[in-house]
Amino acid sequence: MTTESALSVDKNAKSKKDASYTTGSGSSTEENPLIVAVRIRPLQLEETRHGTRPIALRVDDNMVVLMDPQEDPADILRANRSREKQYIFDISFGVTNSQEEVYVKTTKGLIQSVINGYKATVFAYGATGSGKTYTMLGRDGDPGIMGRTLRDLFAAMETDQEDNLYTVSMSYLEIYNEMIRDLLNPRSGVLDLREDANGEIQVPGLSHVSTKSSNEVLEMLTQGNKQRTQEPTAANKTSSRSHAVCMVTVKQRSRVHGLNEQMRVGKFFMIDLAGSERAAHTQNRGKRMVEGAHINRSLLALGNCINALTEKGAKYVNYRDSKLTRLLKDSLGGNSKTVMIATITPSSLQYDETKNTLLYADRAKAIKTKVSKNIVDVTHHIAQYNIVIKELQNEVMRLKAKMHEQEASSRIARSAVSIHSLHSEVTEMSRRETVAEIKWLRNQLLGAFKEQMELR
């Protein structure tokens, strides 16, 4: 694994947007609604010991019902004032749905879009202990969305390597107490956010590590997770104290090089947010309370952005209240295909947290992003002509070698057919000779038998 080197391009190389799903150029964009899914985790053993009951139920593939734990079914006077709420989402998952089902129905369809040059984002949102990290990262033997996505991303690129060349790089960071840390290179210290000339948010000094296989990228993901800040609280024994952002960049270009060529640049953001929490519920003190305050502040900024994006006539969305919202600017209101997975707990003890999560998820359904392909036109210098010619010659040699392999395989196949037919002919001749011998012996026996009968 080596640090990704900058691509040598002409100073006049320009970025161009191609918004349609078909080939062609242009600056048009296409509106894409933010996909919202809800996942209900099972009740934990400790929750059942405290006598909690499930209040969040999955009715079908889209509907979730939230019941009020304080509602008295015997209260006739308030029978028509039920606080039961029904929510409709793009997808809903219950306690029996597997990690693979969640991945296939929410994320797998984004892989081809990233390969084709689009940006895509998947993030999990919910209260602490609701199953966000399990959904995104999973556990040993049962990987989450991140691991499954990286595995299938490389599998999809391998099927297309005959026509295109791919370069993949990965970055992994966490936002802890409003400070950005590089999880792949923790020694780099605290990093900052910058906005480039195109309005895109960059993190100077962040590692961009090139990878060539799914095993390498999964190993880096595991390495980064070990560096992530996690501490136990009363609400969650493995509580994430930071927001984790995994960024995968895929560059695609044709094997046939030219003096003017296009390179598609797709980016995949996979985000495991820290959970909102109440100090009374988590029993946090000291350092844990400070962490919780920073987490809640950034999630409040995220909620305000969601509210502003869904309000009709809103002209300004304040992304600058938090580093999290600045990083999510494209994912929420910009150029990205985005999936939000809201994770909730069915426990009656966390009714307020579950209700707030469902309310934010319900508002997020109205968000629409404008997606377009990210294509870079690369113009080579005259000094680079020799490099282009050399690459074309290498490609010709590769194709010739492939043709020779196919011809050799064809000859072997024809030889095998010839040997098989010859073997069949020999077998047939042997069979005929054997039949002739049997007939001769039978005639000899019959002749001898007749002679004996005549002598008698």
# chains A, B, ... in the order shown; residues from 1 in each chain; ligands from 1
call {"tool": "residues_around", "arguments": {"residues": "Gly109 (chain A)", "least_positions_apart": "6", "cutoff": "12 Å", "atoms": "only C-alpha atoms", "output": "list in words"}}
result
Ile35, Val102, Tyr103, Ile115, Ala120, Thr121, Val122, Thr149, Asp152, Leu153, Ala156, Lys337, Thr338 and Val339 of chain A
call {"tool": "closest_atom_pairs", "arguments": {"of": "region 329-355 of chain A", "to": "region 370-374 of chain A", "cutoff": "6 Å", "atoms": "only C-alpha atoms", "output": "tab-separated table"}}
result
residue	atom	partner	partner_atom	distance
A:Gly334	CA	A:Lys370	CA	5.9
A:Asn335	CA	A:Val371	CA	4.5
A:Ser336	CA	A:Val371	CA	5.3
call {"tool": "write_last_selection", "arguments": {"atoms": "N, CA and C atoms", "output": "compact mmCIF listing (two decimals), in the first residue's frame"}}
result
# COMPACT_ATOMS: atom_id res chain seq x y z
N GLY A 334 -26.36 18.65 -1.62
CA GLY A 334 -25.51 18.91 -2.78
C GLY A 334 -25.53 17.78 -3.79
N ASN A 335 -24.34 17.45 -4.30
CA ASN A 335 -24.20 16.49 -5.39
C ASN A 335 -23.88 15.11 -4.81
N SER A 336 -24.90 14.38 -4.38
CA SER A 336 -24.68 13.06 -3.80
C SER A 336 -25.97 12.27 -3.75
call {"tool": "residues_around", "arguments": {"residues": "region 297-300 of chain A", "least_positions_apart": "5", "cutoff": "9 Å", "atoms": "only C-alpha atoms", "output": "list in words"}}
result
Glu178, Leu273, Ala274, Gly275, Ser276, Gly292, Cys305, Asp321, Ser322, Lys323, Leu324 and Thr325 of chain A
call {"tool": "residues_around", "arguments": {"residues": "Asn185 (chain A)", "least_positions_apart": "2", "cutoff": "12 Å", "atoms": "only C-alpha atoms", "output": "list in words"}}
result
Thr3, Ser171, Tyr172, Leu173, Glu174, Ile180, Arg181, Asp182, Leu183, Arg187, Ser188, Gly189, Val190, Leu191, Gly205, Leu206, Ser207, His208, Val209, Met220, Gln223, Gly224, Asn225, Lys226, Gln227 and Arg228 of chain A
call {"tool": "residues_around", "arguments": {"residues": "Glu395 (chain A)", "least_positions_apart": "2", "cutoff": "12 Å", "atoms": "only C-alpha atoms", "output": "MDAnalysis selection string"}}
result
chainID A and resid 162:165 254:257 388:393 397:402
call {"tool": "residues_around", "arguments": {"residues": "Val265 (chain A)", "least_positions_apart": "2", "cutoff": "10 Å", "atoms": "only C-alpha atoms", "output": "NGL selection string"}}
result
:A and (114-119 or 166-168 or 249-253 or 262-263 or 267 or 373-376)
call {"tool": "atom_distance", "arguments": {"atom1": "CA of Ser92 (chain A)", "atom2": "CA of Thr357 (chain A)"}}
result
13.8 Å
call {"tool": "closest_residue", "arguments": {"among": "A:Ile341, A:Ala124, A:Ala366, A:Leu302", "to": "Ile91 (chain A)", "atoms": "only C-alpha atoms"}}
result
A:Ile341
call {"tool": "atom_distance", "arguments": {"atom1": "CA of Lys368 (chain A)", "atom2": "CA of Lys312 (chain A)"}}
result
12.3 Å
call {"tool": "select_by_dssp", "arguments": {"residues": "region 296-348 of chain A", "states": "strand (DSSP E or B)", "output": "list in words"}}
result
Lys337, Thr338, Val339, Met340, Ile341, Ala342, Thr343, Ile344 and Ser347 of chain A
call {"tool": "write_last_selection", "arguments": {"atoms": "N, CA and C atoms", "output": "CSV table (one decimal), in the first residue's frame"}}
result
chain,number,residue,atom,x,y,z
A,337,LYS,N,-25.9,11.0,-4.0
A,337,LYS,CA,-27.0,10.1,-3.8
A,337,LYS,C,-26.8,9.6,-2.3
A,338,THR,N,-27.8,9.9,-1.5
A,338,THR,CA,-27.7,9.7,-0.1
A,338,THR,C,-28.7,8.8,0.5
A,339,VAL,N,-28.3,7.9,1.4
A,339,VAL,CA,-29.2,7.0,2.1
A,339,VAL,C,-29.0,7.3,3.6
A,340,MET,N,-30.1,7.6,4.3
A,340,MET,CA,-30.1,7.7,5.8
A,340,MET,C,-30.7,6.5,6.4
A,341,ILE,N,-30.0,5.9,7.3
A,341,ILE,CA,-30.6,4.8,8.1
A,341,ILE,C,-30.8,5.2,9.5
A,342,ALA,N,-32.0,5.4,9.9
A,342,ALA,CA,-32.4,5.8,11.3
A,342,ALA,C,-32.5,4.5,12.1
A,343,THR,N,-31.7,4.4,13.2
A,343,THR,CA,-31.8,3.2,14.0
A,343,THR,C,-32.5,3.6,15.3
A,344,ILE,N,-33.5,2.8,15.7
A,344,ILE,CA,-34.2,3.1,17.0
A,344,ILE,C,-34.3,1.8,17.8
A,347,SER,N,-37.5,-0.1,23.2
A,347,SER,CA,-37.7,-0.1,24.6
A,347,SER,C,-38.6,1.1,25.0
call {"tool": "select_by_dssp", "arguments": {"residues": "region 187-429 of chain A", "states": "alpha helix (DSSP H)", "output": "VMD selection string"}}
result
chain A and resid 214 to 227 279 to 282 287 to 310 323 to 327 329 to 333 351 to 364 385 to 429
call {"tool": "atom_distance", "arguments": {"atom1": "CA of Ser242 (chain A)", "atom2": "CA of Asp272 (chain A)"}}
result
8.7 Å
